[in-house]
>>> print(open('start_32.cif').read())   # mmCIF, C-alpha atoms
data_final
#
loop_
_atom_site.label_atom_id
_atom_site.label_comp_id
_atom_site.auth_asym_id
_atom_site.auth_seq_id
_atom_site.Cartn_x
_atom_site.Cartn_y
_atom_site.Cartn_z
CA MET A 141 -4.51 -13.55 -11.45
CA SER A 142 -7.50 -14.76 -9.51
CA LEU A 143 -7.94 -14.04 -5.85
CA GLU A 144 -9.88 -16.11 -3.38
CA ILE A 145 -11.75 -13.61 -1.24
CA GLY A 146 -12.62 -15.11 2.11
CA VAL A 147 -14.50 -13.79 5.12
CA PHE A 148 -11.29 -12.42 6.62
CA ASP A 149 -10.43 -10.49 3.46
CA GLY A 150 -13.93 -9.10 3.32
CA LEU A 151 -13.73 -7.90 6.93
CA LEU A 152 -10.27 -6.48 6.31
CA LEU A 153 -11.40 -4.58 3.22
CA ALA A 154 -14.46 -3.25 5.04
CA GLY A 155 -12.21 -2.23 7.95
CA VAL A 156 -9.83 -0.33 5.65
CA VAL A 157 -12.64 1.57 3.93
CA LEU A 158 -14.44 2.25 7.22
CA SER A 159 -11.33 3.47 9.04
CA ALA A 160 -10.40 5.69 6.08
CA VAL A 161 -13.83 7.31 6.08
CA VAL A 162 -13.88 7.71 9.88
CA ALA A 163 -10.34 9.16 9.92
CA VAL A 164 -11.44 11.91 7.54
CA LEU A 165 -14.84 12.62 9.05
CA VAL A 166 -14.21 12.41 12.80
CA PRO A 167 -14.00 15.98 14.11
CA ARG A 168 -11.45 15.62 16.93
CA ARG A 169 -7.85 15.57 15.77
CA THR A 170 -6.75 13.05 18.39
CA SER A 171 -9.41 10.59 17.31
CA ALA A 172 -8.62 11.16 13.65
CA VAL A 173 -4.95 10.34 14.21
CA ALA A 174 -5.82 7.23 16.25
CA VAL A 175 -8.11 5.98 13.50
CA PHE A 176 -5.45 6.82 10.91
CA LEU A 177 -3.00 4.55 12.77
CA VAL A 178 -5.58 1.74 12.69
CA PHE A 179 -6.08 2.44 8.98
CA GLY A 180 -2.34 2.10 8.32
CA LEU A 181 -2.17 -1.21 10.16
CA LEU A 182 -5.19 -2.65 8.32
CA LEU A 183 -3.86 -1.42 4.98
CA ALA A 184 -0.51 -3.13 5.63
CA LEU A 185 -2.38 -6.37 6.43
CA LEU A 186 -4.37 -5.99 3.22
CA TRP A 187 -1.19 -5.61 1.15
CA ALA A 188 0.23 -8.68 2.86
CA ARG A 189 -2.94 -10.62 1.95
CA LEU A 190 -2.46 -9.50 -1.67
CA ASP A 191 0.95 -11.23 -1.68
CA ALA A 192 2.76 -7.91 -1.82
CA PRO A 193 5.06 -8.11 1.21
CA ASP A 194 7.24 -5.25 -0.05
CA ILE A 195 4.37 -2.80 -0.16
CA ALA A 196 3.03 -4.19 3.12
CA LEU A 197 6.36 -3.55 4.80
CA ALA A 198 6.65 -0.08 3.28
CA GLU A 199 3.12 0.76 4.37
CA ALA A 200 3.67 -0.52 7.90
CA VAL A 201 7.01 1.25 8.30
CA LEU A 202 6.55 4.47 6.35
CA GLY A 203 2.83 4.95 5.82
CA GLY A 204 1.70 3.82 9.25
CA GLY A 205 4.85 4.16 11.31
CA VAL A 206 6.63 7.32 10.22
CA THR A 207 3.54 9.26 9.15
CA GLY A 208 1.72 8.16 12.30
CA ALA A 209 4.63 9.25 14.47
CA LEU A 210 4.70 12.65 12.71
CA LEU A 211 0.97 13.11 13.22
CA VAL A 212 1.13 12.15 16.91
CA ASP A 213 4.07 14.52 17.23
CA ALA A 214 2.05 17.28 15.62
CA LEU A 215 -0.77 16.64 18.11
CA ALA A 216 1.62 17.30 20.98
CA SER A 217 2.11 20.89 19.85
CA LYS A 218 -1.09 22.16 21.33
CA GLN A 219 -2.62 24.39 18.74
CA ALA A 220 -6.22 25.41 18.47
CA GLU A 221 -8.59 22.70 17.35
CA VAL A 222 -9.62 22.72 13.72
CA PRO A 223 -12.21 25.40 13.04
CA ARG A 224 -15.70 24.14 12.38
CA ARG A 225 -16.25 22.79 8.92
CA ARG A 226 -17.66 25.32 6.53
CA SER A 227 -20.12 24.16 3.97
CA TRP A 228 -18.02 25.32 1.02
CA ALA A 229 -15.07 23.32 2.31
CA LEU A 230 -17.28 20.26 2.57
CA ALA A 231 -18.63 20.82 -0.93
CA THR A 232 -15.10 21.25 -2.33
CA GLY A 233 -14.06 18.06 -0.59
CA ILE A 234 -16.98 16.08 -1.96
CA ILE A 235 -16.47 17.38 -5.51
CA ALA A 236 -12.71 16.75 -5.37
CA GLY A 237 -13.39 13.28 -4.00
CA ILE A 238 -15.79 12.46 -6.83
CA ILE A 239 -13.35 13.77 -9.45
CA ALA A 240 -10.48 11.77 -7.91
CA PHE A 241 -12.65 8.65 -7.72
CA LEU A 242 -13.77 8.93 -11.34
CA GLY A 243 -10.23 9.71 -12.49
CA MET A 244 -8.83 6.72 -10.64
CA GLY A 245 -11.57 4.54 -12.06
CA TRP A 246 -10.75 5.74 -15.55
CA VAL A 247 -7.03 5.06 -15.08
CA VAL A 248 -7.64 1.62 -13.56
CA SER A 249 -10.00 0.68 -16.37
CA ARG A 250 -7.32 1.54 -18.91
CA LEU A 251 -4.57 -0.46 -17.22
CA SER A 252 -3.39 -3.46 -19.14
CA GLU A 253 -3.64 -6.93 -17.66
CA PRO A 254 -1.45 -7.25 -14.55
CA SER A 255 0.19 -10.29 -16.13
CA GLY A 256 1.96 -7.98 -18.60
CA GLN A 257 5.51 -8.10 -19.87
CA LEU A 258 7.22 -6.17 -17.07
CA PRO A 259 7.50 -8.95 -14.44
CA LEU A 260 8.93 -11.27 -17.10
CA LEU A 261 11.40 -8.61 -18.22
CA VAL A 262 12.55 -8.10 -14.64
CA ASP A 263 12.94 -11.85 -14.15
CA ASP A 264 14.97 -12.11 -17.36
CA HIS A 265 17.43 -9.40 -16.37
CA ILE A 266 17.64 -9.91 -12.63
CA GLY A 267 20.71 -12.14 -12.99
CA GLY A 268 23.00 -9.24 -13.88
CA SER A 269 21.35 -6.61 -11.71
CA GLY A 270 23.31 -7.25 -8.54
CA ALA A 271 20.16 -7.89 -6.49
CA GLU A 272 18.23 -11.10 -6.13
CA HIS A 273 15.04 -9.41 -5.04
CA PRO A 274 13.07 -8.00 -7.99
CA VAL A 275 11.88 -4.89 -6.14
CA THR A 276 15.42 -3.95 -5.13
CA ALA A 277 16.65 -4.69 -8.65
CA VAL A 278 14.05 -2.31 -10.07
CA LEU A 279 14.61 0.43 -7.48
CA LEU A 280 18.41 0.46 -7.49
CA ASN A 281 19.28 -0.72 -10.97
CA PHE A 282 16.62 -0.76 -13.69
CA ARG A 283 14.84 2.39 -12.54
CA SER A 284 17.47 3.98 -10.32
CA PHE A 285 16.81 7.43 -11.79
CA ASP A 286 13.41 7.35 -10.09
CA THR A 287 15.01 6.46 -6.77
CA LEU A 288 17.60 9.20 -7.22
CA LEU A 289 14.85 11.78 -7.67
CA GLU A 290 12.92 10.36 -4.70
CA ILE A 291 15.96 10.88 -2.52
CA ALA A 292 16.18 14.44 -3.80
CA VAL A 293 12.52 14.96 -2.85
CA VAL A 294 13.10 13.58 0.66
CA MET A 295 16.12 15.83 1.09
CA THR A 296 14.19 18.90 -0.06
CA ALA A 297 11.37 18.06 2.35
CA VAL A 298 13.81 17.73 5.23
CA PHE A 299 15.42 21.11 4.59
CA ALA A 300 12.03 22.72 4.08
CA ALA A 301 10.92 21.33 7.46
CA THR A 302 14.12 22.62 9.04
CA ALA A 303 13.56 26.04 7.51
CA VAL A 304 10.00 26.48 8.73
CA SER A 305 10.51 25.07 12.21
CA ASP A 306 11.22 27.56 14.94
CA ARG A 307 14.57 27.55 16.62
CA SER A 308 13.58 26.20 20.01
CA TRP A 309 13.66 22.59 18.80
CA THR A 310 17.42 22.68 18.81
CA ARG A 311 17.51 22.52 22.61
CA THR A 312 18.63 19.18 23.92
CA LEU A 313 16.39 17.19 26.18
CA SER A 314 17.23 15.95 29.61
CA ALA A 315 15.48 12.70 30.34
CA SER A 316 14.93 10.84 33.57
CA GLY A 317 16.90 7.74 34.51
CA GLU A 318 14.28 5.17 33.54
CA LEU A 319 14.18 6.50 30.01
CA ARG A 320 17.94 6.03 29.64
CA ILE A 321 17.47 2.33 30.34
CA ILE A 322 14.94 2.12 27.54
CA ALA A 323 17.47 3.60 25.15
CA VAL A 324 20.00 0.99 26.22
CA VAL A 325 17.51 -1.79 25.49
CA LEU A 326 15.89 -0.44 22.35
CA LEU A 327 18.78 1.13 20.45
CA PRO A 328 20.69 -2.13 19.84
CA VAL A 329 17.48 -3.82 18.70
CA VAL A 330 16.61 -0.98 16.33
CA SER A 331 20.17 -0.86 14.96
CA LEU A 332 20.11 -4.60 14.36
CA LEU A 333 16.76 -4.29 12.58
CA ALA A 334 18.05 -1.45 10.40
CA VAL A 335 21.11 -3.40 9.28
CA TRP A 336 19.02 -6.52 8.77
CA MET A 337 16.48 -4.70 6.61
CA LEU A 338 19.30 -3.19 4.58
CA VAL A 339 21.01 -6.51 3.91
CA ALA A 340 17.73 -8.37 3.50
CA GLY A 341 16.76 -5.94 0.75
CA THR A 342 18.96 -7.74 -1.77
CA THR A 343 17.15 -11.06 -1.45
CA ARG A 344 13.73 -10.34 0.07
CA PRO A 345 11.46 -7.49 1.16
CA GLY A 346 13.47 -4.72 2.79
CA GLY A 347 15.88 -2.10 1.54
CA ALA A 348 17.06 1.45 2.00
CA PHE A 349 13.74 3.13 2.78
CA GLN A 350 12.71 0.61 5.41
CA ALA A 351 16.17 0.55 6.94
CA GLY A 352 16.17 4.36 6.83
CA ALA A 353 12.90 4.45 8.74
CA MET A 354 14.52 2.22 11.38
CA VAL A 355 17.54 4.52 11.59
CA GLY A 356 15.17 7.46 11.96
CA ALA A 357 13.20 5.70 14.69
CA GLY A 358 16.42 4.88 16.52
CA LEU A 359 17.58 8.50 16.33
CA VAL A 360 14.24 9.77 17.60
CA ILE A 361 14.31 7.31 20.51
CA ALA A 362 17.89 8.30 21.26
CA HIS A 363 17.01 11.99 21.20
CA LEU A 364 13.86 11.63 23.30
CA THR A 365 15.71 9.60 25.91
CA GLY A 366 18.45 12.20 26.12
CA THR A 367 21.26 10.14 24.62
CA ARG A 368 24.25 12.34 23.93
CA ARG A 369 25.58 13.10 20.46
CA THR A 370 22.54 11.81 18.62
CA SER A 371 21.11 15.17 17.61
CA THR A 372 20.41 15.47 13.90
CA ARG A 373 20.79 19.23 13.91
CA GLY A 374 23.83 21.22 12.92
CA PRO A 375 26.35 20.82 10.11
CA TRP A 376 26.92 17.10 10.74
CA GLY A 377 23.23 16.38 10.39
CA ASP A 378 23.09 18.49 7.23
CA ALA A 379 26.08 16.63 5.80
CA LEU A 380 24.56 13.21 6.50
CA ILE A 381 21.24 14.25 4.96
CA VAL A 382 22.93 15.48 1.78
CA LEU A 383 25.33 12.52 1.66
CA GLY A 384 22.84 10.05 0.15
CA LEU A 385 22.02 12.25 -2.81
CA VAL A 386 25.68 13.21 -3.32
CA VAL A 387 26.84 9.59 -3.35
CA PHE A 388 24.04 8.64 -5.71
CA ILE A 389 24.93 11.48 -8.11
CA LEU A 390 28.65 10.64 -7.87
CA LEU A 391 27.81 7.06 -8.83
CA ALA A 392 25.77 8.35 -11.75
CA PHE A 393 28.65 10.58 -12.92
CA SER A 394 31.30 7.90 -12.55
CA THR A 395 29.24 5.39 -14.50
CA ALA A 396 28.62 8.01 -17.17
CA VAL A 397 32.28 8.98 -17.47
CA GLY A 398 34.07 5.71 -16.90
CA GLY A 399 31.40 3.11 -17.54
CA ALA A 400 28.66 2.15 -19.91
CA GLY A 401 26.41 5.15 -19.23
CA TRP A 402 24.36 6.99 -16.63
CA LEU A 403 23.77 4.62 -13.69
CA VAL A 404 24.44 1.53 -15.78
CA LEU A 405 25.97 -0.88 -13.28
CA GLY A 406 28.48 -3.50 -14.39
CA GLU A 407 27.49 -7.03 -13.52
CA SER A 408 30.61 -7.82 -11.54
CA TRP A 409 30.32 -4.95 -9.06
CA ALA A 410 26.60 -4.18 -9.20
CA SER A 411 25.72 -5.92 -5.94
CA THR A 412 28.50 -4.15 -4.03
CA ALA A 413 27.49 -0.80 -5.50
CA ILE A 414 23.82 -1.35 -4.69
CA LEU A 415 24.51 -2.34 -1.09
CA ALA A 416 26.88 0.58 -0.59
CA VAL A 417 24.44 3.10 -2.07
CA GLU A 418 21.61 1.62 -0.05
CA ALA A 419 23.60 1.85 3.16
CA VAL A 420 24.36 5.53 2.56
CA LEU A 421 20.77 6.20 1.52
CA ALA A 422 19.48 4.50 4.67
CA VAL A 423 21.60 6.78 6.84
CA SER A 424 20.51 9.89 4.91
CA ILE A 425 16.84 8.92 5.00
CA GLY A 426 17.06 8.03 8.69
CA VAL A 427 18.73 11.28 9.72
CA GLY A 428 16.29 13.18 7.50
CA LEU A 429 13.21 11.52 9.01
CA ALA A 430 14.49 12.12 12.53
CA ARG A 431 15.15 15.76 11.62
CA ILE A 432 11.58 16.19 10.30
CA PHE A 433 10.19 14.55 13.45
CA LEU A 434 12.22 16.73 15.80
CA ALA A 435 11.72 19.91 13.78
CA ASN A 436 8.03 19.40 14.40
CA ARG A 437 8.44 19.75 18.16
CA ARG A 438 7.82 23.35 19.02
CA GLU A 439 8.58 23.28 22.70
CA PRO A 440 10.67 20.21 23.49
CA GLY A 441 11.14 21.16 27.14
CA GLU A 442 7.41 20.96 27.70
CA ALA A 443 7.20 17.30 26.78
CA ARG A 444 8.97 16.29 29.94
CA MET B 36 -2.05 -29.66 18.43
CA ILE B 37 -4.75 -27.67 16.68
CA VAL B 38 -6.97 -27.93 19.77
CA LEU B 39 -4.19 -26.54 21.95
CA MET B 40 -3.50 -23.76 19.46
CA THR B 41 -7.16 -22.78 19.21
CA LEU B 42 -7.47 -22.85 22.99
CA LEU B 43 -4.43 -20.60 23.46
CA LEU B 44 -5.54 -18.15 20.77
CA GLY B 45 -9.04 -18.09 22.23
CA VAL B 46 -7.79 -17.39 25.75
CA GLY B 47 -5.52 -14.67 24.35
CA ALA B 48 -8.43 -13.07 22.51
CA LEU B 49 -10.52 -13.18 25.71
CA PHE B 50 -7.83 -11.32 27.66
CA MET B 51 -7.56 -8.77 24.83
CA ILE B 52 -11.30 -8.21 24.94
CA ALA B 53 -11.19 -7.89 28.72
CA GLY B 54 -8.42 -5.32 28.44
CA THR B 55 -10.32 -3.34 25.83
CA VAL B 56 -13.52 -3.40 27.89
CA GLY B 57 -11.46 -2.17 30.84
CA LEU B 58 -9.98 0.63 28.72
CA LEU B 59 -13.46 1.73 27.69
CA ARG B 60 -15.28 1.30 31.00
CA PHE B 61 -12.83 2.19 33.75
CA PRO B 62 -13.21 5.71 35.10
CA ASP B 63 -9.71 7.23 35.20
CA LEU B 64 -6.28 7.04 33.65
CA PRO B 65 -4.47 4.76 36.13
CA THR B 66 -7.16 2.08 36.10
CA ARG B 67 -7.37 2.24 32.32
CA LEU B 68 -3.61 1.91 31.99
CA HIS B 69 -3.75 -0.99 34.41
CA ALA B 70 -6.37 -2.75 32.28
CA VAL B 71 -4.53 -2.28 29.01
CA ALA B 72 -1.02 -2.93 30.28
CA LYS B 73 -1.84 -6.10 32.18
CA ALA B 74 -4.67 -7.79 30.30
CA ASP B 75 -3.42 -7.03 26.80
CA ASN B 76 0.10 -8.20 27.47
CA LEU B 77 -1.19 -11.43 28.95
CA GLY B 78 -3.50 -11.81 25.96
CA LEU B 79 -0.63 -11.13 23.56
CA GLY B 80 1.44 -13.72 25.43
CA PHE B 81 -1.25 -16.35 24.95
CA ILE B 82 -1.61 -15.47 21.28
CA ILE B 83 2.17 -15.69 20.82
CA LEU B 84 2.13 -19.08 22.58
CA GLY B 85 -0.64 -20.25 20.28
CA LEU B 86 1.33 -19.10 17.23
CA ILE B 87 4.44 -20.87 18.58
CA VAL B 88 2.43 -24.09 18.83
CA HIS B 89 1.29 -23.46 15.26
CA THR B 90 4.82 -22.91 13.92
CA VAL B 91 6.26 -25.88 15.82
CA SER B 92 3.52 -28.22 14.60
CA ASN B 93 4.20 -27.02 11.04
CA GLY B 94 7.87 -27.85 11.49
CA VAL B 95 9.10 -24.29 10.86
CA GLY B 96 12.51 -23.53 12.36
CA ALA B 97 13.41 -22.13 15.74
CA GLY B 98 14.10 -18.71 14.21
CA VAL B 99 10.40 -17.99 13.86
CA VAL B 100 9.79 -18.99 17.49
CA ALA B 101 12.58 -16.68 18.59
CA LYS B 102 11.10 -13.82 16.56
CA LEU B 103 7.66 -14.38 18.05
CA LEU B 104 9.10 -14.31 21.56
CA LEU B 105 11.06 -11.16 20.68
CA ILE B 106 7.82 -9.49 19.57
CA TRP B 107 6.28 -10.27 22.94
CA ILE B 108 9.27 -9.05 24.93
CA LEU B 109 9.45 -5.81 22.94
CA ALA B 110 5.72 -5.29 23.39
CA LEU B 111 6.11 -5.81 27.15
CA ILE B 112 8.89 -3.24 27.30
CA GLY B 113 6.92 -0.83 25.14
CA THR B 114 3.80 -1.09 27.27
CA ALA B 115 5.75 -0.71 30.48
CA VAL B 116 7.43 2.47 29.22
CA ASN B 117 4.25 3.94 27.76
CA SER B 118 2.22 3.27 30.90
CA HIS B 119 4.96 4.67 33.09
CA LEU B 120 5.27 7.85 31.04
CA LEU B 121 1.52 8.37 30.86
CA ALA B 122 1.08 7.72 34.58
CA THR B 123 3.89 10.08 35.64
CA ARG B 124 2.61 12.82 33.37
CA GLU B 125 -0.79 12.42 35.01
CA ASP B 126 0.84 13.05 38.37
CA ASP B 127 2.49 16.21 37.11
CA GLY B 128 -0.62 17.93 36.03
#
>>> encode(input="start_32.cif", output="structure tokens")
Amino acid sequence: MSLEIGVFDGLLLAGVVLSAVVAVLVPRRTSAVAVFLVFGLLLALLWARLDAPDIALAEAVLGGGVTGALLVDALASKQAEVPRRRSWALATGIIAGIIAFLGMGWVVSRLSEPSGQLPLLVDDHIGGSGAEHPVTAVLLNFRSFDTLLEIAVVMTAVFAATAVSDRSWTRTLSASGELRIIAVVLLPVVSLLAVWMLVAGTTRPGGAFQAGAMVGAGLVIAHLTGTRRTSTRGPWGDALIVLGLVVFILLAFSTAVGGAGWLVLGESWASTAILAVEAVLAVSIGVGLARIFLANRREPGEAR
Amino acid sequence: MIVLMTLLLGVGALFMIAGTVGLLRFPDLPTRLHAVAKADNLGLGFIILGLIVHTVSNGVGAGVVAKLLLIWILALIGTAVNSHLLATREDDG
């Protein structure tokens, strides 16, 4: 695979590297987060230029969007600024950076040609996978064990965040009238986007994680604008967060007991199963992300 | 067509630059918000218009045009809300 590198790509690459370095080195936390958001945007553009729209979308939605939102949220809880850098911390950072760089270089140098057998294998088997988009086929069919464990990781993170957050975040917000109007405008758009990303995932870039991020964003907007009955706390929130993993495991068991084996999907019903699992996963991921975001808010009343 | 597109994109970029200069140079929060909210949205509008000319001249369907317009409208709403929230919080404290 040869890549034409133009002026734009060069600038983009330089921008990504520069913003990454600045985001780490700039001393003020606010500035660091702002530069990190720029970094996420540039990185998403870079992935798009590399003809990897799936990764670009994931980076824009999860890497830049969700992580950025969490960081901005963390900034709002006014804690003391970072203590001044100590020289040993700097030295540890530099040494760890060099080791990571060398390690990555070693791994990359040992990678086989990117035009290996895997893309061909995926193309050969995609017909019976129940998804027309190769990434979705890999995530939800060929390598669905990986996705199952990822969901378990997300769920664990959500409950860990719930456990360490203090209790005051459970208070509901009361928002002013103008903000309600925003919810009325934005929530339908975000819901539409979530469903679209979910359905689009079978044929083109999209899928459960992106749709889940949209669901999460919608829930956060709803909560911040004081919409009733959109809180992710309490037993209902817990149930929805666990639901994704439970459904996935149930599917695994039922295929193991009544079908061809663990998570082996039959051709005739694979697409239905994938869409159903993805829909449930999107809800679980969305509620989980919203829960992490809101658990981060130490004094919600103060934000008004 | 390409002249029109370049013109629109150029004008859009100019407004963006003006907005950014305003953000950097103006003394206080309300004037800075004013610079970003007005100039950048106008600039974005011109850029969207330029891209619409581009898509139409390439014969791509109306769906893309609708999406581009939707991006602009959502950005307008977003900026309005952000500016409003930031400005009212400034009043509070």
>>> resolve_selection(input="start_32.cif", expression="the PyMOL selection byres ((chain B) within 12 of (chain A))", output="ChimeraX atom specification")
/B:102,105-106,108-117,119-121,123-125,127-128
>>> resolve_selection(input="start_32.cif", expression="the PyMOL selection byres ((chain B and resi 68) around 10)", output="PyMOL selection string")
chain B and resi 54+57-58+61+63-67+69-74+114-115+117-119+121-122
>>> resolve_selection(input="start_32.cif", expression="the PyMOL selection byres ((chain A and resi 155) around 12)", output="list in words")
Phe148, Asp149, Gly150, Leu151, Leu152, Leu153, Ala154, Val156, Val157, Leu158, Ser159, Ala160, Val161, Val162, Ala163, Val175, Phe176, Val178, Phe179, Gly180, Leu181, Leu182, Leu183, Ala184, Leu185 and Leu186 of chain A
>>> axis_aligned_box(input="start_32.cif", around="segment 155-168 of chain A", padding_each_side="5 Å", output="AutoDock Vina command-line options")
--center_x -12.3 --center_y 6.9 --center_z 10.4 --size_x 15.0 --size_y 28.2 --size_z 23.0
>>> atom_distance(input="start_32.cif", atom1="atom CA of Val95 of chain B", atom2="atom CA of Gly45 of chain B")
22.3 Å
>>> closest_residue(input="start_32.cif", among="A:Ile235, A:Val304, A:Ala353, A:Ala410", to="Glu199 of chain A", atoms="only C-alpha atoms")
A:Ala353
>>> atom_distance(input="start_32.cif", atom1="atom CA of Thr302 of chain A", atom2="atom CA of Ala435 of chain A")
6.0 Å
>>> residues_near_point(input="start_32.cif", point="(19.5, -13.8, -7.1)", cutoff="12 Å", atoms="only C-alpha atoms", output="ChimeraX atom specification")
/A:262-277,341-344,411
>>> atom_distance(input="start_32.cif", atom1="atom CA of Leu327 of chain A", atom2="atom CA of Ile361 of chain A")
7.6 Å
>>> residues_around(input="start_32.cif", residues="Arg283 of chain A", least_positions_apart="2", cutoff="12 Å", atoms="all atoms listed in the file", output="list in words")
Val262, Ser269, Pro274, Val275, Thr276, Ala277, Val278, Leu279, Leu280, Asn281, Phe285, Asp286, Thr287, Leu288, Leu289, Glu290, Trp402, Leu403, Val404 and Leu405 of chain A
>>> residues_around(input="start_32.cif", residues="Thr90 of chain B", least_positions_apart="3", cutoff="12 Å", atoms="all atoms listed in the file", output="count of residues only")
19
>>> closest_residue(input="start_32.cif", among="A:Leu429, A:Val294, A:Leu242, A:Leu391", to="Ile414 of chain A", atoms="all atoms listed in the file")
A:Leu391
